[in-house]
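**Q** One file is attached below, protein-v7.cif, containing mmCIF, C-alpha atoms.
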```cif
data_structure
loop_
_atom_site.label_atom_id
_atom_site.label_comp_id
_atom_site.auth_asym_id
_atom_site.auth_seq_id
_atom_site.Cartn_x
_atom_site.Cartn_y
_atom_site.Cartn_z
CA MET N 1062 0.00 0.00 0.00
CA ASN N 1063 2.76 2.39 0.96
CA THR N 1064 4.78 1.88 -2.22
CA LYS N 1065 1.63 2.53 -4.25
CA THR N 1066 1.06 6.01 -2.80
CA ILE N 1067 4.67 6.92 -3.53
CA LYS N 1068 4.16 5.81 -7.10
CA ASP N 1069 1.00 7.89 -7.43
CA LYS N 1070 3.01 10.87 -6.24
CA ASP N 1071 5.67 10.28 -8.92
CA ILE N 1072 2.94 10.13 -11.56
CA SER N 1073 1.58 13.47 -10.33
CA LEU N 1074 5.03 15.04 -10.56
CA ILE N 1075 5.61 13.79 -14.10
CA ILE N 1076 2.15 14.92 -15.23
CA GLY N 1077 2.85 18.35 -13.77
CA LYS N 1078 6.10 18.48 -15.76
CA ILE N 1079 4.43 17.37 -19.01
CA LEU N 1080 1.81 20.12 -18.69
CA ARG N 1081 4.29 22.85 -17.79
CA CYS N 1082 6.80 21.93 -20.53
CA GLY N 1083 3.99 21.66 -23.09
CA VAL N 1084 2.66 25.13 -22.30
CA TYR N 1085 6.14 26.73 -22.31
CA LEU N 1086 7.20 24.99 -25.52
CA SER N 1087 4.03 25.83 -27.45
CA LEU N 1088 4.00 29.44 -26.29
CA SER N 1089 7.68 29.95 -27.18
CA VAL N 1090 6.98 28.64 -30.68
CA ALA N 1091 3.93 30.93 -30.94
CA VAL N 1092 5.94 33.98 -29.82
CA VAL N 1093 8.63 33.31 -32.45
CA GLY N 1094 5.95 32.88 -35.13
CA GLY N 1095 4.15 35.98 -33.90
CA LEU N 1096 7.27 38.16 -34.16
CA ILE N 1097 7.99 36.91 -37.70
CA TYR N 1098 4.35 37.54 -38.65
CA LEU N 1099 4.35 41.07 -37.23
CA VAL N 1100 7.68 42.02 -38.83
CA ALA N 1101 6.39 40.80 -42.20
CA GLU N 1102 2.84 42.09 -42.05
CA GLY N 1103 2.60 44.47 -39.09
CA ASN N 1104 2.24 47.56 -41.28
CA HIS N 1105 -0.40 46.12 -43.56
CA THR N 1106 -4.03 46.97 -43.00
CA SER N 1107 -5.44 44.47 -40.53
CA VAL N 1108 -7.82 41.72 -41.45
CA GLN N 1109 -10.62 42.34 -38.94
CA HIS N 1110 -11.71 38.70 -38.86
CA ASN N 1111 -15.31 39.90 -38.96
CA VAL N 1112 -16.24 37.43 -41.69
CA PHE N 1113 -15.95 33.77 -40.84
CA ILE N 1114 -14.41 31.62 -43.54
CA GLU N 1115 -15.37 28.05 -42.88
CA LYS N 1116 -12.82 25.36 -43.62
CA ASP N 1117 -13.21 21.64 -43.95
CA GLU N 1118 -9.72 20.34 -43.58
CA ASN N 1119 -8.73 17.10 -41.88
CA LEU N 1120 -6.04 17.07 -39.23
CA PHE N 1121 -3.54 15.27 -41.45
CA ASP N 1122 -3.74 17.91 -44.22
CA LEU N 1123 -3.68 20.65 -41.59
CA ILE N 1124 -0.43 19.32 -40.08
CA THR N 1125 1.23 18.84 -43.51
CA ASP N 1126 0.24 22.36 -44.58
CA THR N 1127 1.48 23.79 -41.30
CA LEU N 1128 4.83 22.02 -41.53
CA ARG N 1129 5.27 23.13 -45.15
CA GLY N 1130 4.62 26.72 -44.05
CA VAL N 1131 7.05 26.38 -41.14
CA ALA N 1132 9.73 25.16 -43.57
CA HIS N 1133 9.21 28.37 -45.57
CA GLY N 1134 9.53 30.45 -42.39
CA ASP N 1135 5.92 31.66 -42.58
CA GLY N 1136 4.95 33.38 -39.31
CA LEU N 1137 1.31 32.27 -39.20
CA SER N 1138 2.31 28.64 -39.83
CA ILE N 1139 4.79 28.78 -36.95
CA ILE N 1140 2.03 30.14 -34.66
CA GLU N 1141 -0.23 27.32 -35.91
CA LEU N 1142 2.50 24.84 -34.96
CA GLY N 1143 2.52 26.35 -31.46
CA ILE N 1144 -1.28 25.93 -31.26
CA LEU N 1145 -0.99 22.29 -32.38
CA LEU N 1146 1.64 21.66 -29.70
CA LEU N 1147 -0.63 23.29 -27.10
CA ILE N 1148 -3.59 21.11 -28.07
CA ALA N 1149 -1.29 18.07 -27.99
CA THR N 1150 -0.25 18.83 -24.39
CA PRO N 1151 -3.33 17.44 -22.55
CA LEU N 1152 -3.35 14.56 -25.04
CA THR N 1153 0.24 13.71 -24.11
CA ARG N 1154 -0.83 13.71 -20.47
CA VAL N 1155 -3.59 11.17 -21.22
CA ILE N 1156 -1.19 8.92 -23.15
CA PHE N 1157 1.29 9.09 -20.27
CA SER N 1158 -1.53 8.17 -17.83
CA LEU N 1159 -2.24 5.11 -19.95
CA TRP N 1160 1.35 3.99 -19.55
CA ALA N 1161 1.35 4.80 -15.82
CA PHE N 1162 -1.88 2.93 -15.04
CA ASN N 1163 -0.50 -0.03 -16.97
CA GLN N 1164 2.67 0.08 -14.85
CA GLU N 1165 0.49 0.03 -11.74
CA LYS N 1166 -1.38 -2.94 -13.21
CA ASP N 1167 -4.63 -1.04 -12.76
CA ARG N 1168 -6.49 -2.69 -15.61
CA MET N 1169 -9.76 -0.85 -14.98
CA TYR N 1170 -8.07 2.53 -15.39
CA VAL N 1171 -6.16 1.36 -18.46
CA VAL N 1172 -9.57 0.69 -20.04
CA ILE N 1173 -11.02 4.03 -18.80
CA THR N 1174 -8.04 5.92 -20.25
CA LEU N 1175 -8.39 4.04 -23.54
CA ILE N 1176 -12.06 5.07 -23.73
CA VAL N 1177 -11.06 8.74 -23.34
CA LEU N 1178 -8.44 8.34 -26.09
CA VAL N 1179 -10.99 6.70 -28.42
CA ILE N 1180 -13.41 9.62 -27.90
CA ILE N 1181 -10.67 12.14 -28.75
CA PHE N 1182 -9.77 10.02 -31.78
CA VAL N 1183 -13.42 10.14 -32.91
CA SER N 1184 -13.33 13.95 -32.67
CA ILE N 1185 -10.28 13.92 -34.99
CA LEU N 1186 -12.06 11.56 -37.40
CA THR N 1187 -14.99 13.98 -37.86
CA GLY N 1188 -12.66 16.10 -40.04
CA PHE N 1189 -12.13 13.18 -42.42
CA GLY N 1190 -15.82 12.78 -43.17
CA GLY N 1191 -16.30 15.23 -46.04
CA MET T 1035 -5.97 49.79 -38.24
CA THR T 1036 -2.68 48.07 -39.04
CA THR T 1037 -2.10 44.45 -38.14
CA LEU T 1038 0.41 45.54 -35.49
CA ALA T 1039 -2.09 47.89 -33.81
CA PHE T 1040 -4.85 45.27 -33.96
CA THR T 1041 -2.56 42.65 -32.41
CA LEU T 1042 -1.43 45.01 -29.64
CA VAL T 1043 -4.99 46.03 -28.72
CA LEU T 1044 -5.95 42.35 -28.63
CA PHE T 1045 -2.90 41.56 -26.50
CA ALA T 1046 -3.67 44.31 -23.96
CA GLY T 1047 -7.34 43.31 -23.80
CA SER T 1048 -6.39 39.67 -23.26
CA ILE T 1049 -4.10 40.54 -20.34
CA LEU T 1050 -7.08 42.30 -18.72
CA ALA T 1051 -9.34 39.34 -19.52
CA GLY T 1052 -6.86 36.92 -17.95
CA LEU T 1053 -6.56 39.14 -14.86
CA LEU T 1054 -10.33 39.46 -14.53
CA GLY T 1055 -10.92 35.75 -15.14
CA SER T 1056 -8.40 34.76 -12.52
CA LEU T 1057 -9.67 37.26 -9.89
CA THR T 1058 -13.31 36.20 -10.32
CA GLY T 1059 -12.43 32.51 -10.60
CA LEU T 1060 -14.26 32.25 -13.93
CA GLY T 1061 -11.17 31.62 -16.05
CA GLY T 1062 -9.81 33.86 -18.80
CA GLY T 1063 -11.43 32.04 -21.71
CA VAL T 1064 -14.92 33.18 -20.78
CA ILE T 1065 -14.09 36.88 -20.99
CA ILE T 1066 -12.19 36.48 -24.28
CA ILE T 1067 -15.45 35.80 -26.13
CA PRO T 1068 -17.16 39.14 -25.38
CA LEU T 1069 -13.81 40.95 -25.82
CA LEU T 1070 -13.35 39.60 -29.34
CA THR T 1071 -17.01 40.13 -30.18
CA TYR T 1072 -16.78 43.80 -29.14
CA MET T 1073 -13.74 44.17 -31.38
CA GLY T 1074 -15.84 43.04 -34.31
CA VAL T 1075 -14.38 39.55 -34.62
CA ASP T 1076 -16.81 36.89 -35.88
CA PHE T 1077 -18.36 34.75 -33.12
CA HIS T 1078 -16.94 31.50 -34.58
CA TYR T 1079 -13.40 32.84 -34.35
CA ALA T 1080 -14.16 34.15 -30.85
CA ILE T 1081 -15.12 30.72 -29.48
CA GLY T 1082 -12.23 29.03 -31.32
CA THR T 1083 -9.69 31.45 -29.86
CA ALA T 1084 -11.22 31.18 -26.38
CA LEU T 1085 -10.96 27.39 -26.43
CA VAL T 1086 -7.23 27.56 -27.23
CA ALA T 1087 -6.78 30.10 -24.42
CA VAL T 1088 -8.65 27.74 -22.07
CA ILE T 1089 -6.23 24.90 -22.84
CA ALA T 1090 -3.25 27.15 -22.06
CA THR T 1091 -4.56 28.57 -18.76
CA SER T 1092 -5.92 25.28 -17.43
CA SER T 1093 -2.76 23.33 -18.32
CA GLY T 1094 -0.62 26.02 -16.73
CA SER T 1095 -2.48 26.07 -13.44
CA ALA T 1096 -3.12 22.29 -13.41
CA ALA T 1097 0.65 21.77 -13.57
CA ALA T 1098 1.02 23.59 -10.25
CA TYR T 1099 -1.97 21.90 -8.54
CA VAL T 1100 -1.05 18.35 -9.61
CA LYS T 1101 2.33 18.61 -7.90
CA GLU T 1102 0.68 19.44 -4.56
CA GLY T 1103 -1.15 16.11 -4.69
CA VAL T 1104 -4.67 17.53 -4.21
CA THR T 1105 -5.89 16.64 -7.72
CA ASN T 1106 -7.63 13.26 -7.87
CA LEU T 1107 -6.12 11.78 -11.05
CA ARG T 1108 -8.42 8.73 -11.17
CA MET T 1109 -11.59 10.74 -10.62
CA GLY T 1110 -10.42 13.16 -13.30
CA MET T 1111 -9.79 10.41 -15.82
CA PHE T 1112 -13.08 8.65 -15.03
CA LEU T 1113 -15.15 11.83 -15.44
CA GLU T 1114 -13.23 12.82 -18.57
CA ILE T 1115 -15.17 10.06 -20.34
CA ALA T 1116 -18.28 12.15 -19.71
CA THR T 1117 -16.77 15.57 -20.48
CA THR T 1118 -15.06 14.49 -23.73
CA ILE T 1119 -18.23 12.80 -25.05
CA GLY T 1120 -20.10 16.01 -24.22
CA ALA T 1121 -17.44 18.23 -25.80
CA VAL T 1122 -17.42 16.29 -29.08
CA PHE T 1123 -21.21 16.46 -29.16
CA GLY T 1124 -21.27 20.19 -28.35
CA ALA T 1125 -18.59 21.09 -30.91
CA LEU T 1126 -20.40 19.07 -33.59
CA LEU T 1127 -23.64 20.93 -32.76
CA VAL T 1128 -21.92 24.23 -33.58
CA ALA T 1129 -19.92 22.94 -36.56
CA SER T 1130 -22.97 21.33 -38.17
CA LYS T 1131 -24.91 24.61 -37.66
CA LEU T 1132 -27.75 22.74 -35.95
CA ILE T 1133 -27.80 25.56 -33.42
CA PRO T 1134 -27.82 29.08 -34.94
CA THR T 1135 -25.12 31.48 -33.74
CA PRO T 1136 -27.53 33.95 -32.00
CA ILE T 1137 -28.83 31.10 -29.84
CA VAL T 1138 -25.25 30.16 -28.96
CA ALA T 1139 -24.60 33.79 -27.96
CA ILE T 1140 -27.71 33.86 -25.73
CA LEU T 1141 -26.71 30.55 -24.15
CA PHE T 1142 -23.26 32.00 -23.54
CA GLY T 1143 -24.79 34.95 -21.69
CA ILE T 1144 -26.88 32.65 -19.50
CA ILE T 1145 -23.89 30.45 -18.61
CA LEU T 1146 -21.85 33.57 -17.84
CA ILE T 1147 -24.55 34.77 -15.40
CA LEU T 1148 -24.73 31.36 -13.72
CA SER T 1149 -20.95 31.25 -13.35
CA ALA T 1150 -20.78 34.76 -11.90
CA VAL T 1151 -23.54 34.06 -9.37
CA ASN T 1152 -21.90 30.75 -8.51
CA SER T 1153 -18.64 32.53 -7.69
CA TRP T 1154 -20.39 34.44 -4.85
CA ARG T 1155 -21.52 31.34 -3.02
CA LYS T 1156 -19.70 30.40 0.15
CA LYS T 1157 -18.43 26.87 -0.10
CA PRO T 1158 -18.77 24.75 3.02
CA GLU T 1159 -15.90 22.34 3.57
CA ILE T 1160 -17.12 18.77 3.16
CA THR T 1161 -15.38 16.01 5.01
CA GLU T 1162 -17.61 13.01 4.59
CA GLN T 1163 -15.92 9.68 4.77
CA VAL T 1164 -18.88 7.71 3.44
CA CYS T 1165 -18.52 6.48 -0.08
CA SER T 1166 -21.11 5.03 -2.43
CA LYS T 1167 -20.68 1.57 -3.95
CA MET T 1168 -20.04 3.03 -7.41
CA GLY T 1169 -17.42 5.35 -5.95
CA LYS T 1170 -15.61 2.40 -4.39
CA ARG T 1171 -15.87 0.24 -7.47
CA PHE T 1172 -14.24 2.92 -9.64
CA LYS T 1173 -11.64 3.75 -6.95
CA LEU T 1174 -12.74 7.39 -6.79
CA THR T 1175 -12.04 7.87 -3.08
CA GLY T 1176 -8.91 9.74 -2.22
CA ALA T 1177 -6.95 11.79 0.27
CA TYR T 1178 -5.30 15.17 0.09
CA PRO T 1179 -2.51 16.58 2.24
CA GLY T 1180 -3.93 18.62 5.15
CA PRO T 1181 -2.24 20.38 8.08
CA ASP T 1182 -2.59 17.27 10.27
CA GLY T 1183 -1.73 14.62 7.74
CA PRO T 1184 -3.80 13.31 4.84
CA VAL T 1185 -7.54 14.09 4.82
CA ARG T 1186 -9.58 11.19 3.43
CA TYR T 1187 -12.85 11.67 1.55
CA GLY T 1188 -15.55 9.62 -0.12
CA VAL T 1189 -17.68 10.13 -3.21
CA LYS T 1190 -21.46 10.02 -3.63
CA ASN T 1191 -23.93 10.03 -6.55
CA VAL T 1192 -21.42 8.98 -9.20
CA VAL T 1193 -24.12 8.60 -11.87
CA GLY T 1194 -25.57 12.07 -11.20
CA GLY T 1195 -22.11 13.63 -11.26
CA PHE T 1196 -21.29 11.81 -14.48
CA PHE T 1197 -24.34 13.24 -16.26
CA MET T 1198 -23.66 16.75 -14.98
CA MET T 1199 -20.12 16.39 -16.34
CA MET T 1200 -21.50 15.37 -19.71
CA LEU T 1201 -23.58 18.57 -19.70
CA ALA T 1202 -20.48 20.58 -18.75
CA GLY T 1203 -18.68 18.97 -21.70
CA ILE T 1204 -21.48 19.93 -24.11
CA ILE T 1205 -21.33 23.54 -22.91
CA SER T 1206 -17.54 23.53 -23.29
CA GLY T 1207 -17.70 22.23 -26.88
CA LEU T 1208 -20.60 24.50 -27.77
CA LEU T 1209 -19.21 27.76 -26.37
CA GLY T 1210 -15.46 27.29 -26.42
CA ILE T 1211 -15.15 27.72 -22.66
CA GLY T 1212 -13.84 25.49 -19.88
CA ALA T 1213 -17.22 25.30 -18.09
CA GLY T 1214 -15.22 25.02 -14.86
CA ALA T 1215 -18.13 26.26 -12.71
CA MET T 1216 -20.37 23.43 -13.92
CA LYS T 1217 -17.64 20.87 -13.30
CA VAL T 1218 -17.23 22.15 -9.75
CA ILE T 1219 -21.02 21.96 -9.20
CA ALA T 1220 -21.01 18.35 -10.40
CA MET T 1221 -18.26 17.42 -7.96
CA ASP T 1222 -19.21 19.70 -5.03
CA ASN T 1223 -22.98 19.60 -4.86
CA ILE T 1224 -23.70 16.24 -6.45
CA MET T 1225 -20.73 14.01 -5.68
CA ARG T 1226 -19.94 15.74 -2.35
CA VAL T 1227 -16.21 15.95 -2.98
CA PRO T 1228 -14.24 18.46 -0.82
CA PHE T 1229 -13.97 21.90 -2.42
CA LYS T 1230 -10.19 21.79 -2.69
CA VAL T 1231 -10.31 18.54 -4.62
CA SER T 1232 -13.20 19.56 -6.86
CA THR T 1233 -11.63 22.86 -7.98
CA THR T 1234 -8.22 21.36 -8.74
CA THR T 1235 -9.60 18.22 -10.38
CA SER T 1236 -12.03 20.23 -12.50
CA ASN T 1237 -9.16 22.45 -13.63
CA PHE T 1238 -7.17 19.33 -14.48
CA MET T 1239 -10.03 17.99 -16.62
CA ILE T 1240 -10.62 21.22 -18.55
CA GLY T 1241 -7.54 20.72 -20.74
CA VAL T 1242 -8.58 17.31 -22.07
CA THR T 1243 -12.22 18.36 -22.45
CA ALA T 1244 -11.17 21.42 -24.44
CA THR T 1245 -8.77 19.36 -26.57
CA ALA T 1246 -11.60 17.04 -27.65
CA GLY T 1247 -13.59 20.06 -28.85
CA ALA T 1248 -10.49 21.82 -30.24
CA PHE T 1249 -9.83 19.15 -32.88
CA ILE T 1250 -13.30 19.76 -34.32
CA TYR T 1251 -12.88 23.55 -34.16
CA LEU T 1252 -9.44 23.26 -35.78
CA GLN T 1253 -10.65 21.20 -38.73
CA ASN T 1254 -13.55 23.58 -39.32
CA GLY T 1255 -11.38 26.69 -39.35
CA TYR T 1256 -12.53 28.25 -36.04
CA ILE T 1257 -8.97 28.61 -34.78
CA HIS T 1258 -7.06 31.43 -36.47
CA PRO T 1259 -3.35 31.78 -35.61
CA ALA T 1260 -3.35 35.58 -35.99
CA LEU T 1261 -6.00 35.86 -33.26
CA CYS T 1262 -4.72 33.07 -31.02
CA MET T 1263 -1.16 34.36 -30.68
CA PRO T 1264 -1.82 37.67 -28.85
CA VAL T 1265 -4.85 36.28 -26.98
CA VAL T 1266 -3.29 33.12 -25.56
CA ILE T 1267 -0.09 34.85 -24.45
CA GLY T 1268 -2.02 37.82 -23.03
CA VAL T 1269 -4.49 35.68 -21.09
CA LEU T 1270 -1.68 33.62 -19.55
CA ILE T 1271 0.21 36.74 -18.42
CA GLY T 1272 -3.02 38.19 -16.99
CA ALA T 1273 -3.92 34.97 -15.19
CA MET T 1274 -0.47 34.75 -13.60
CA GLY T 1275 -0.76 38.35 -12.41
CA GLY T 1276 -4.24 37.65 -11.04
CA SER T 1277 -3.10 34.67 -8.99
CA LYS T 1278 -0.36 36.86 -7.43
CA ILE T 1279 -2.94 39.52 -6.44
CA LEU T 1280 -5.18 36.81 -4.97
CA LEU T 1281 -2.37 35.58 -2.73
CA GLN T 1282 -1.60 39.07 -1.44
CA SER T 1283 -4.90 40.60 -0.50
CA ASN T 1284 -8.41 39.93 0.64
CA THR T 1285 -10.20 40.27 -2.65
CA ALA T 1286 -13.82 39.68 -1.67
CA LYS T 1287 -14.94 43.22 -2.60
CA LEU T 1288 -12.84 43.24 -5.76
CA ARG T 1289 -14.35 39.95 -6.84
CA PHE T 1290 -17.87 41.17 -6.20
CA GLY T 1291 -17.27 44.32 -8.22
CA PHE T 1292 -15.87 42.36 -11.13
CA SER T 1293 -18.71 39.89 -11.15
CA ILE T 1294 -21.19 42.79 -11.45
CA PHE T 1295 -19.18 43.91 -14.47
CA ILE T 1296 -19.39 40.38 -15.89
CA LEU T 1297 -23.16 40.32 -15.33
CA ILE T 1298 -23.50 43.47 -17.45
CA ILE T 1299 -21.41 41.88 -20.23
CA ALA T 1300 -23.57 38.74 -20.00
CA LEU T 1301 -26.82 40.72 -20.34
CA ASP T 1302 -25.37 42.60 -23.30
CA MET T 1303 -24.42 39.33 -25.03
CA ILE T 1304 -27.98 38.03 -24.52
CA TYR T 1305 -29.36 41.32 -25.90
CA LYS T 1306 -27.05 41.14 -28.94
CA GLY T 1307 -28.08 37.53 -29.57
CA MET T 1308 -31.78 38.37 -29.31
CA THR T 1309 -31.55 41.36 -31.64
CA GLY T 1310 -29.50 39.34 -34.12
CA GLN T 1311 -26.37 41.49 -33.86
CA ILE T 1312 -24.17 38.40 -33.48
#
```
Do you think you could lay out the structure here as structure tokens?

**A**
Amino acid sequence: MNTKTIKDKDISLIIGKILRCGVYLSLSVAVVGGLIYLVAEGNHTSVQHNVFIEKDENLFDLITDTLRGVAHGDGLSIIELGILLLIATPLTRVIFSLWAFNQEKDRMYVVITLIVLVIIFVSILTGFGG
Amino acid sequence: MTTLAFTLVLFAGSILAGLLGSLTGLGGGVIIIPLLTYMGVDFHYAIGTALVAVIATSSGSAAAYVKEGVTNLRMGMFLEIATTIGAVFGALLVASKLIPTPIVAILFGIILILSAVNSWRKKPEITEQVCSKMGKRFKLTGAYPGPDGPVRYGVKNVVGGFFMMMLAGIISGLLGIGAGAMKVIAMDNIMRVPFKVSTTTSNFMIGVTATAGAFIYLQNGYIHPALCMPVVIGVLIGAMGGSKILLQSNTAKLRFGFSIFILIIALDMIYKGMTGQI
């Protein structure tokens, strides 16, 4: 019993680290992208974003487009990469929990974590529909 | 207005939103939506940007709470089944245009009022050791470090809490907010979890809930990098400043004043939705 609580504490510490590093990393990337974007386009007349342009792009295309833009040093693409990293942060935490519950041989929570991952996967799949 | 000026105004406004959200306990994401709407940004972009801001602020503060050992990781994971299902459903409701935008704006105003009123309530400390059968079966009981060693607690009404969480998830996916107040109600009032545990665990869950909705927003073009960059960074700076102020002073009056301000914004959003200005 005692060793188990120590292990739970380690898991908490690692999860805390994953979240903090994820936020710092994604924001640093977004700041770099933001500076490049503002240097390039800061003096142009602003797009007011008052008209919504709907997109129907699946995650795979979105990531490839983003990476292509990053390779060209495009500011907005680098910000987009930061946003993708930010969204991936809680997901990384869930995947780590899956590993941790498996280490603890807590089969019930391995299944519960898998269910959460499947639901998130379904949300990604909705972009591949049309 | 040049892009630089627009970005700077957005950045300054987001710092204020983060500060306000942290002082009132509502979270920065909620206040981003009216801020962007007042600046003329389309409502779809407003909720997309807010959801990204929510992931940043909740992950940032969850990182600190988790280390203290108050967050109940198993309860969080178990209830995330409910919140993520809700979030996917809610985000699909918006993306498929089943619910018209003015209705979403009105709903946003109502949720904002409920959250503001909820932040005034005094929370009694619950220390019930009894635990329901469901709570035991899913290993939801826990303990958090108190001044005299660990404080143990039980969990009640798991099914009721689960459904309330699903509702919180729908609201989160529908409005691009964390719906933290509803998560706390589910855990506090229904499941009878101690306040300390419910606030930290709800904060912990917000990130994953928002992520489930964010993938749908992302693929439908709700998340625009030019808006997200100044907003997310600004809200985080504001939220950090707010938590410092909270530690230093007795902020009861300040909080009350701000929540009146938020009520006015909420009523205005409802009015704009009803008159079709959104």

**Q** Could you please tell me, as a count of residues only, which residues of chain T have an atom within 6 Å of chain N when using only C-alpha atoms?

**A** 23

**Q** What do you get, as a CSV table (one decimal) with C-alpha atoms, in the frame of the given file, if you spell out every residue that the PyMOL selection byres ((chain T and resi 1107-1110) around 8) selects here?

**A**
```
chain,number,residue,atom,x,y,z
N,1073,SER,CA,1.6,13.5,-10.3
N,1170,TYR,CA,-8.1,2.5,-15.4
T,1105,THR,CA,-5.9,16.6,-7.7
T,1106,ASN,CA,-7.6,13.3,-7.9
T,1111,MET,CA,-9.8,10.4,-15.8
T,1112,PHE,CA,-13.1,8.6,-15.0
T,1113,LEU,CA,-15.2,11.8,-15.4
T,1114,GLU,CA,-13.2,12.8,-18.6
T,1173,LYS,CA,-11.6,3.8,-7.0
T,1174,LEU,CA,-12.7,7.4,-6.8
T,1235,THR,CA,-9.6,18.2,-10.4
T,1236,SER,CA,-12.0,20.2,-12.5
T,1238,PHE,CA,-7.2,19.3,-14.5
T,1239,MET,CA,-10.0,18.0,-16.6
```

**Q** Let me make sure I understand: among T:Leu1280, T:Leu1085, T:Ala1139, T:Ala1220, which one has the smallest atom-to-atom distance to T:Tyr1305 if we use all atoms listed in the file?

**A**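 Among T:Leu1280, T:Leu1085, T:Ala1139, T:Ala1220, it is T:Ala1139 that comes nearest to T:Tyr1305.
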
**Q** Here's the selection I'm unsure about, the PyMOL selection byres ((chain T and resi 1209-1211) around 6); applied to the file above, which residues does it give, as a list of chain:residue names?

**A**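 Going through the file, the PyMOL selection byres ((chain T and resi 1209-1211) around 6) ends up selecting T:Gly1063, T:Val1064, T:Ile1081, T:Ala1084, T:Leu1085, T:Ile1205, T:Ser1206, T:Gly1207, T:Leu1208, T:Gly1212, T:Ala1213.
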
**Q** Need to verify the contact set: T:Pro1134, 12 Å, only C-alpha atoms, exclusion of same-chain residues closer than 3 positions in sequence. Can you return it as a list in words?

**A** Phe1077, His1078, Leu1127, Val1128, Ala1129, Ser1130, Lys1131, Ile1137, Val1138, Ala1139, Ile1140, Leu1141, Leu1208, Gly1307, Met1308, Gly1310 and Ile1312 of chain T

**Q** Dump C-alpha atoms for the selected residues as a PDB file, keeping the file's coordinate frame?

**A**
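Saved result, selection-v1.pdb, follows:
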```pdb
ATOM      1  CA  PHE T1077     -18.360  34.750 -33.120  1.00  0.00           C
ATOM      2  CA  HIS T1078     -16.940  31.500 -34.580  1.00  0.00           C
ATOM      3  CA  LEU T1127     -23.640  20.930 -32.760  1.00  0.00           C
ATOM      4  CA  VAL T1128     -21.920  24.230 -33.580  1.00  0.00           C
ATOM      5  CA  ALA T1129     -19.920  22.940 -36.560  1.00  0.00           C
ATOM      6  CA  SER T1130     -22.970  21.330 -38.170  1.00  0.00           C
ATOM      7  CA  LYS T1131     -24.910  24.610 -37.660  1.00  0.00           C
ATOM      8  CA  ILE T1137     -28.830  31.100 -29.840  1.00  0.00           C
ATOM      9  CA  VAL T1138     -25.250  30.160 -28.960  1.00  0.00           C
ATOM     10  CA  ALA T1139     -24.600  33.790 -27.960  1.00  0.00           C
ATOM     11  CA  ILE T1140     -27.710  33.860 -25.730  1.00  0.00           C
ATOM     12  CA  LEU T1141     -26.710  30.550 -24.150  1.00  0.00           C
ATOM     13  CA  LEU T1208     -20.600  24.500 -27.770  1.00  0.00           C
ATOM     14  CA  GLY T1307     -28.080  37.530 -29.570  1.00  0.00           C
ATOM     15  CA  MET T1308     -31.780  38.370 -29.310  1.00  0.00           C
ATOM     16  CA  GLY T1310     -29.500  39.340 -34.120  1.00  0.00           C
ATOM     17  CA  ILE T1312     -24.170  38.400 -33.480  1.00  0.00           C
TER      18      ILE T1312
END
```

**Q** I'd like the residues picked by the PyMOL selection byres ((chain T and resi 1164) around 8) written out as a PDB file with C-alpha atoms, in the frame of the given file, using the chain letters and numbers from the file.

**A**
```
ATOM      1  CA  GLU T1162     -17.610  13.010   4.590  1.00  0.00           C
ATOM      2  CA  GLN T1163     -15.920   9.680   4.770  1.00  0.00           C
ATOM      3  CA  CYS T1165     -18.520   6.480  -0.080  1.00  0.00           C
ATOM      4  CA  SER T1166     -21.110   5.030  -2.430  1.00  0.00           C
ATOM      5  CA  TYR T1187     -12.850  11.670   1.550  1.00  0.00           C
ATOM      6  CA  GLY T1188     -15.550   9.620  -0.120  1.00  0.00           C
ATOM      7  CA  VAL T1189     -17.680  10.130  -3.210  1.00  0.00           C
ATOM      8  CA  LYS T1190     -21.460  10.020  -3.630  1.00  0.00           C
TER       9      LYS T1190
END
```

**Q** Quick one: pull the distance between atom CA of N:Asp1135 and atom CA of T:Ala1260, Å, one decimal.

**A** 12.0 Å

**Q** Suppose you want the space between atom CA of T:Asn1152 and atom CA of T:Gly1214; what is it in Å?

**A**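 Computing it gives 10.9 Å between the two atoms.
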
**Q** Could you name the residues that touch T:Val1192 at 9 Å or less, counting all atoms listed in the file, but leaving out those on the same chain fewer than 2 positions away, as JSON, numbers by chain?

**A** {"T": [1166, 1168, 1169, 1189, 1190, 1194, 1195, 1196, 1197, 1224, 1225]}

**Q** So how far away is atom CA of T:Ala1150 from atom CA of T:Ile1294, in Å?

**A**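 So the two atoms, atom CA of T:Ile1294 and atom CA of T:Ala1150, lie 8.1 Å apart.
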
**Q** Any idea what's packed within 12 Å of T:Gly1291, counting only C-alpha atoms, ignoring anything in its chain fewer than 3 positions away? Could you give it as a VMD selection string?

**A** chain T and resid 1054 1057 to 1058 1150 1153 to 1154 1285 to 1288 1294 to 1298

**Q** Just write the chosen residues, C-alpha atoms, as an mmCIF file, keeping the file's coordinate frame.

**A**
```cif
data_model
loop_
_atom_site.group_PDB
_atom_site.id
_atom_site.type_symbol
_atom_site.label_atom_id
_atom_site.label_comp_id
_atom_site.auth_asym_id
_atom_site.auth_seq_id
_atom_site.Cartn_x
_atom_site.Cartn_y
_atom_site.Cartn_z
ATOM 1 C CA LEU T 1054 -10.330 39.460 -14.530
ATOM 2 C CA LEU T 1057 -9.670 37.260 -9.890
ATOM 3 C CA THR T 1058 -13.310 36.200 -10.320
ATOM 4 C CA ALA T 1150 -20.780 34.760 -11.900
ATOM 5 C CA SER T 1153 -18.640 32.530 -7.690
ATOM 6 C CA TRP T 1154 -20.390 34.440 -4.850
ATOM 7 C CA THR T 1285 -10.200 40.270 -2.650
ATOM 8 C CA ALA T 1286 -13.820 39.680 -1.670
ATOM 9 C CA LYS T 1287 -14.940 43.220 -2.600
ATOM 10 C CA LEU T 1288 -12.840 43.240 -5.760
ATOM 11 C CA ILE T 1294 -21.190 42.790 -11.450
ATOM 12 C CA PHE T 1295 -19.180 43.910 -14.470
ATOM 13 C CA ILE T 1296 -19.390 40.380 -15.890
ATOM 14 C CA LEU T 1297 -23.160 40.320 -15.330
ATOM 15 C CA ILE T 1298 -23.500 43.470 -17.450
#
```
